[in-house]
>>> print(open('upload14.pdb').read())   # PDB, C-alpha atoms, pLDDT in the B column
ATOM      1  CA  MET F 286       0.931 -70.400 -53.764  1.00 86.00           C
ATOM      2  CA  ASP F 287      -2.375 -69.395 -52.165  1.00 91.00           C
ATOM      3  CA  THR F 288      -4.266 -71.568 -54.647  1.00 95.00           C
ATOM      4  CA  LEU F 289      -2.070 -74.558 -53.823  1.00 96.00           C
ATOM      5  CA  CYS F 290      -2.529 -74.058 -50.077  1.00 95.00           C
ATOM      6  CA  ARG F 291      -6.303 -73.785 -50.501  1.00 96.00           C
ATOM      7  CA  ALA F 292      -6.265 -76.951 -52.609  1.00 97.00           C
ATOM      8  CA  ALA F 293      -4.254 -78.693 -49.877  1.00 97.00           C
ATOM      9  CA  ALA F 294      -6.789 -77.626 -47.242  1.00 97.00           C
ATOM     10  CA  ALA F 295      -9.662 -78.916 -49.389  1.00 98.00           C
ATOM     11  CA  ALA F 296      -7.831 -82.195 -49.951  1.00 98.00           C
ATOM     12  CA  LEU F 297      -7.357 -82.589 -46.193  1.00 95.00           C
ATOM     13  CA  ARG F 298     -11.042 -81.942 -45.561  1.00 97.00           C
ATOM     14  CA  GLY F 299     -11.754 -84.702 -48.070  1.00 97.00           C
ATOM     15  CA  GLY F 300      -9.364 -87.104 -46.349  1.00 96.00           C
ATOM     16  CA  ARG F 301      -6.800 -86.985 -49.169  1.00 97.00           C
ATOM     17  CA  ARG F 302      -3.617 -86.459 -47.173  1.00 96.00           C
ATOM     18  CA  ASP F 303      -1.467 -87.685 -50.051  1.00 96.00           C
ATOM     19  CA  ARG F 304      -2.984 -85.092 -52.393  1.00 98.00           C
ATOM     20  CA  ALA F 305      -2.616 -82.353 -49.753  1.00 98.00           C
ATOM     21  CA  ALA F 306       1.067 -83.235 -49.344  1.00 96.00           C
ATOM     22  CA  ALA F 307       1.554 -83.061 -53.105  1.00 97.00           C
ATOM     23  CA  TYR F 308      -0.023 -79.594 -53.262  1.00 98.00           C
ATOM     24  CA  LEU F 309       2.129 -78.309 -50.414  1.00 97.00           C
ATOM     25  CA  SER F 310       5.267 -79.825 -51.942  1.00 94.00           C
ATOM     26  CA  ARG F 311       4.423 -78.022 -55.163  1.00 97.00           C
ATOM     27  CA  ALA F 312       3.851 -74.771 -53.247  1.00 97.00           C
ATOM     28  CA  LEU F 313       7.410 -75.027 -51.934  1.00 94.00           C
ATOM     29  CA  THR F 314       8.720 -74.677 -55.501  1.00 96.00           C
ATOM     30  CA  GLU F 315       7.261 -71.162 -55.655  1.00 96.00           C
ATOM     31  CA  PRO F 316       9.169 -68.072 -54.511  1.00 96.00           C
ATOM     32  CA  LEU F 317       8.152 -67.637 -50.856  1.00 94.00           C
ATOM     33  CA  SER F 318       9.186 -65.422 -47.993  1.00 93.00           C
ATOM     34  CA  GLU F 319      11.104 -67.264 -45.285  1.00 89.00           C
ATOM     35  CA  GLU F 320       8.133 -67.024 -42.919  1.00 91.00           C
ATOM     36  CA  THR F 321       5.706 -68.422 -45.499  1.00 93.00           C
ATOM     37  CA  ARG F 322       8.117 -71.196 -46.477  1.00 91.00           C
ATOM     38  CA  ILE F 323       8.439 -72.300 -42.837  1.00 90.00           C
ATOM     39  CA  ARG F 324       4.657 -72.217 -42.419  1.00 93.00           C
ATOM     40  CA  VAL F 325       4.165 -74.420 -45.510  1.00 94.00           C
ATOM     41  CA  LEU F 326       6.945 -76.768 -44.386  1.00 92.00           C
ATOM     42  CA  LEU F 327       5.293 -77.180 -40.989  1.00 91.00           C
ATOM     43  CA  ARG F 328       1.911 -77.914 -42.575  1.00 94.00           C
ATOM     44  CA  LEU F 329       3.537 -80.471 -44.838  1.00 94.00           C
ATOM     45  CA  ALA F 330       5.408 -82.074 -41.944  1.00 91.00           C
ATOM     46  CA  ARG F 331       2.157 -82.438 -39.956  1.00 91.00           C
ATOM     47  CA  ILE F 332       0.590 -84.305 -42.869  1.00 94.00           C
ATOM     48  CA  GLU F 333       3.697 -86.420 -43.363  1.00 92.00           C
ATOM     49  CA  LEU F 334       3.589 -87.489 -39.707  1.00 91.00           C
ATOM     50  CA  VAL F 335       0.611 -89.622 -40.744  1.00 91.00           C
ATOM     51  CA  ILE F 336       1.519 -90.678 -44.290  1.00 92.00           C
ATOM     52  CA  ALA F 337       5.335 -90.695 -44.217  1.00 88.00           C
ATOM     53  CA  PRO F 338       6.757 -90.399 -40.677  1.00 88.00           C
ATOM     54  CA  ASP F 339      10.387 -90.701 -41.784  1.00 88.00           C
ATOM     55  CA  ALA F 340       9.962 -87.846 -44.256  1.00 87.00           C
ATOM     56  CA  ALA F 341       8.287 -85.749 -41.560  1.00 86.00           C
ATOM     57  CA  GLY F 342      11.224 -86.344 -39.235  1.00 85.00           C
ATOM     58  CA  ARG F 343      13.730 -85.296 -41.883  1.00 86.00           C
ATOM     59  CA  ARG F 344      11.694 -82.221 -42.764  1.00 83.00           C
ATOM     60  CA  MET F 345      11.348 -81.151 -39.121  1.00 86.00           C
ATOM     61  CA  GLY F 346      15.056 -81.748 -38.565  1.00 83.00           C
ATOM     62  CA  GLY F 347      15.810 -79.491 -41.520  1.00 81.00           C
ATOM     63  CA  ILE F 348      13.567 -76.760 -40.170  1.00 81.00           C
ATOM     64  CA  ILE F 349      15.246 -76.928 -36.768  1.00 82.00           C
ATOM     65  CA  ARG F 350      18.828 -77.032 -38.119  1.00 79.00           C
ATOM     66  CA  GLU F 351      18.580 -74.392 -40.823  1.00 70.00           C
ATOM     67  CA  PRO F 352      15.254 -72.529 -40.853  1.00 59.00           C
ATOM     68  CA  GLY F 353      16.206 -70.418 -43.864  1.00 57.00           C
ATOM     69  CA  GLU F 354      17.340 -73.442 -45.863  1.00 55.00           C
ATOM     70  CA  ALA F 355      14.786 -76.028 -44.684  1.00 48.00           C
ATOM     71  CA  ALA F 356      13.240 -76.557 -48.107  1.00 44.00           C
ATOM     72  CA  ALA F 357      16.513 -76.890 -49.958  1.00 46.00           C
TER      73      ALA F 357
END
>>> encode(input="upload14.pdb", output="structure tokens")
Amino acid sequence: MDTLCRAAAAALRGGRRDRAAAYLSRALTEPLSEETRIRVLLRLARIELVIAPDAAGRRMGGIIREPGEAAA
């Protein structure tokens, strides 16, 4: 998971928001603590605000409604 998050950060620095979103989406398939999962979801939602606003809205809504189940 750390490797994927570092790759996402590098992709963002390089202007590759789509690649960063893919790395973070992949990170969400790993076993994560609830706190880490929420942190990754929020990072992903921030990126999606630019590249896929509807997806970002759904993701944020999921985090708000059910924080422990937001990635499901």
>>> residues_around(input="upload14.pdb", residues="Tyr308 of chain F", least_positions_apart="6", cutoff="10 Å", atoms="only C-alpha atoms", output="PyMOL selection string")
chain F and resi 286+288-294+296+302+329
>>> atom_distance(input="upload14.pdb", atom1="atom CA of Gly299 of chain F", atom2="atom CA of Glu320 of chain F")
27.1 Å
>>> atom_distance(input="upload14.pdb", atom1="atom CA of Met345 of chain F", atom2="atom CA of Glu333 of chain F")
10.2 Å
>>> closest_residue(input="upload14.pdb", among="F:Asp287, F:Ile332, F:Asp339, F:Leu297", to="Leu317 of chain F", atoms="all atoms listed in the file")
F:Asp287
>>> closest_residue(input="upload14.pdb", among="F:Ser318, F:Arg311, F:Ala306, F:Leu326", to="Arg343 of chain F", atoms="only C-alpha atoms")
F:Leu326
>>> atom_distance(input="upload14.pdb", atom1="atom CA of Arg344 of chain F", atom2="atom CA of Ala330 of chain F")
6.3 Å
>>> decode(input="upload14.pdb", residues="segment 300-348 of chain F", atoms="N, CA and C atoms", output="short mmCIF file (atom, residue, chain, number, x, y, z; two decimals), in the first residue's frame")
data_model
loop_
_atom_site.label_atom_id
_atom_site.label_comp_id
_atom_site.auth_asym_id
_atom_site.auth_seq_id
_atom_site.Cartn_x
_atom_site.Cartn_y
_atom_site.Cartn_z
N GLY F 300 1.87 15.37 -13.08
CA GLY F 300 0.66 15.80 -13.78
C GLY F 300 -0.22 14.68 -14.29
N ARG F 301 0.03 13.46 -13.84
CA ARG F 301 -0.73 12.29 -14.30
C ARG F 301 -1.82 11.94 -13.29
N ARG F 302 -2.85 12.75 -13.21
CA ARG F 302 -3.92 12.52 -12.25
C ARG F 302 -4.61 11.18 -12.49
N ASP F 303 -4.79 10.82 -13.75
CA ASP F 303 -5.44 9.54 -14.06
C ASP F 303 -4.64 8.37 -13.51
N ARG F 304 -3.32 8.43 -13.65
CA ARG F 304 -2.45 7.36 -13.15
C ARG F 304 -2.48 7.35 -11.62
N ALA F 305 -2.46 8.53 -11.00
CA ALA F 305 -2.52 8.62 -9.54
C ALA F 305 -3.81 8.00 -9.02
N ALA F 306 -4.92 8.29 -9.69
CA ALA F 306 -6.21 7.72 -9.29
C ALA F 306 -6.18 6.20 -9.41
N ALA F 307 -5.56 5.70 -10.46
CA ALA F 307 -5.48 4.24 -10.63
C ALA F 307 -4.67 3.60 -9.51
N TYR F 308 -3.56 4.22 -9.13
CA TYR F 308 -2.75 3.68 -8.04
C TYR F 308 -3.53 3.68 -6.72
N LEU F 309 -4.23 4.76 -6.45
CA LEU F 309 -4.99 4.83 -5.20
C LEU F 309 -6.16 3.85 -5.21
N SER F 310 -6.80 3.69 -6.35
CA SER F 310 -7.88 2.69 -6.46
C SER F 310 -7.33 1.30 -6.17
N ARG F 311 -6.16 1.03 -6.70
CA ARG F 311 -5.52 -0.27 -6.46
C ARG F 311 -5.17 -0.42 -4.98
N ALA F 312 -4.71 0.64 -4.35
CA ALA F 312 -4.36 0.59 -2.92
C ALA F 312 -5.57 0.21 -2.08
N LEU F 313 -6.75 0.63 -2.52
CA LEU F 313 -7.97 0.32 -1.77
C LEU F 313 -8.33 -1.16 -1.80
N THR F 314 -7.69 -1.94 -2.66
CA THR F 314 -7.96 -3.38 -2.69
C THR F 314 -7.11 -4.13 -1.65
N GLU F 315 -6.17 -3.41 -1.04
CA GLU F 315 -5.31 -4.00 -0.02
C GLU F 315 -6.01 -3.96 1.34
N PRO F 316 -5.62 -4.86 2.25
CA PRO F 316 -6.17 -4.78 3.61
C PRO F 316 -5.63 -3.51 4.28
N LEU F 317 -6.55 -2.64 4.72
CA LEU F 317 -6.17 -1.36 5.32
C LEU F 317 -6.95 -1.16 6.61
N SER F 318 -6.33 -0.44 7.54
CA SER F 318 -7.08 -0.03 8.72
C SER F 318 -8.15 0.95 8.27
N GLU F 319 -9.17 1.14 9.08
CA GLU F 319 -10.25 2.06 8.72
C GLU F 319 -9.70 3.47 8.50
N GLU F 320 -8.81 3.90 9.37
CA GLU F 320 -8.23 5.24 9.26
C GLU F 320 -7.45 5.41 7.95
N THR F 321 -6.64 4.41 7.61
CA THR F 321 -5.86 4.48 6.37
C THR F 321 -6.78 4.44 5.16
N ARG F 322 -7.79 3.60 5.20
CA ARG F 322 -8.74 3.50 4.08
C ARG F 322 -9.42 4.86 3.84
N ILE F 323 -9.85 5.52 4.90
CA ILE F 323 -10.50 6.83 4.75
C ILE F 323 -9.51 7.84 4.17
N ARG F 324 -8.27 7.80 4.65
CA ARG F 324 -7.26 8.73 4.14
C ARG F 324 -7.04 8.53 2.63
N VAL F 325 -6.94 7.27 2.20
CA VAL F 325 -6.75 6.97 0.77
C VAL F 325 -7.99 7.39 -0.02
N LEU F 326 -9.16 7.11 0.52
CA LEU F 326 -10.40 7.51 -0.16
C LEU F 326 -10.47 9.02 -0.34
N LEU F 327 -10.07 9.77 0.67
CA LEU F 327 -10.09 11.23 0.56
C LEU F 327 -9.09 11.73 -0.48
N ARG F 328 -7.91 11.13 -0.51
CA ARG F 328 -6.93 11.50 -1.54
C ARG F 328 -7.49 11.23 -2.93
N LEU F 329 -8.08 10.06 -3.08
CA LEU F 329 -8.66 9.69 -4.37
C LEU F 329 -9.79 10.64 -4.76
N ALA F 330 -10.63 10.97 -3.81
CA ALA F 330 -11.74 11.89 -4.10
C ALA F 330 -11.24 13.26 -4.53
N ARG F 331 -10.16 13.75 -3.91
CA ARG F 331 -9.60 15.05 -4.31
C ARG F 331 -9.13 15.01 -5.77
N ILE F 332 -8.51 13.92 -6.16
CA ILE F 332 -8.07 13.78 -7.55
C ILE F 332 -9.28 13.69 -8.47
N GLU F 333 -10.26 12.92 -8.07
CA GLU F 333 -11.45 12.73 -8.90
C GLU F 333 -12.25 14.02 -9.07
N LEU F 334 -12.13 14.95 -8.13
CA LEU F 334 -12.82 16.24 -8.29
C LEU F 334 -12.43 16.90 -9.61
N VAL F 335 -11.19 16.66 -10.05
CA VAL F 335 -10.69 17.25 -11.28
C VAL F 335 -10.99 16.35 -12.48
N ILE F 336 -10.76 15.04 -12.34
CA ILE F 336 -10.86 14.17 -13.52
C ILE F 336 -12.21 13.48 -13.66
N ALA F 337 -12.95 13.35 -12.58
CA ALA F 337 -14.25 12.65 -12.62
C ALA F 337 -15.13 13.17 -11.48
N PRO F 338 -15.66 14.39 -11.62
CA PRO F 338 -16.42 15.00 -10.52
C PRO F 338 -17.58 14.16 -10.00
N ASP F 339 -18.29 13.48 -10.89
CA ASP F 339 -19.41 12.64 -10.42
C ASP F 339 -18.92 11.52 -9.52
N ALA F 340 -17.82 10.89 -9.91
CA ALA F 340 -17.24 9.82 -9.09
C ALA F 340 -16.80 10.36 -7.73
N ALA F 341 -16.21 11.55 -7.74
CA ALA F 341 -15.77 12.16 -6.48
C ALA F 341 -16.96 12.41 -5.56
N GLY F 342 -18.05 12.88 -6.13
CA GLY F 342 -19.25 13.12 -5.33
C GLY F 342 -19.79 11.85 -4.71
N ARG F 343 -19.82 10.78 -5.51
CA ARG F 343 -20.30 9.49 -4.97
C ARG F 343 -19.36 8.99 -3.88
N ARG F 344 -18.07 9.12 -4.11
CA ARG F 344 -17.10 8.63 -3.13
C ARG F 344 -17.22 9.41 -1.83
N MET F 345 -17.32 10.73 -1.93
CA MET F 345 -17.45 11.55 -0.72
C MET F 345 -18.76 11.25 0.00
N GLY F 346 -19.83 11.05 -0.76
CA GLY F 346 -21.10 10.68 -0.15
C GLY F 346 -20.99 9.37 0.62
N GLY F 347 -20.26 8.42 0.06
CA GLY F 347 -20.06 7.14 0.73
C GLY F 347 -19.27 7.29 2.01
N ILE F 348 -18.27 8.14 1.98
CA ILE F 348 -17.46 8.37 3.18
C ILE F 348 -18.31 9.00 4.27
#
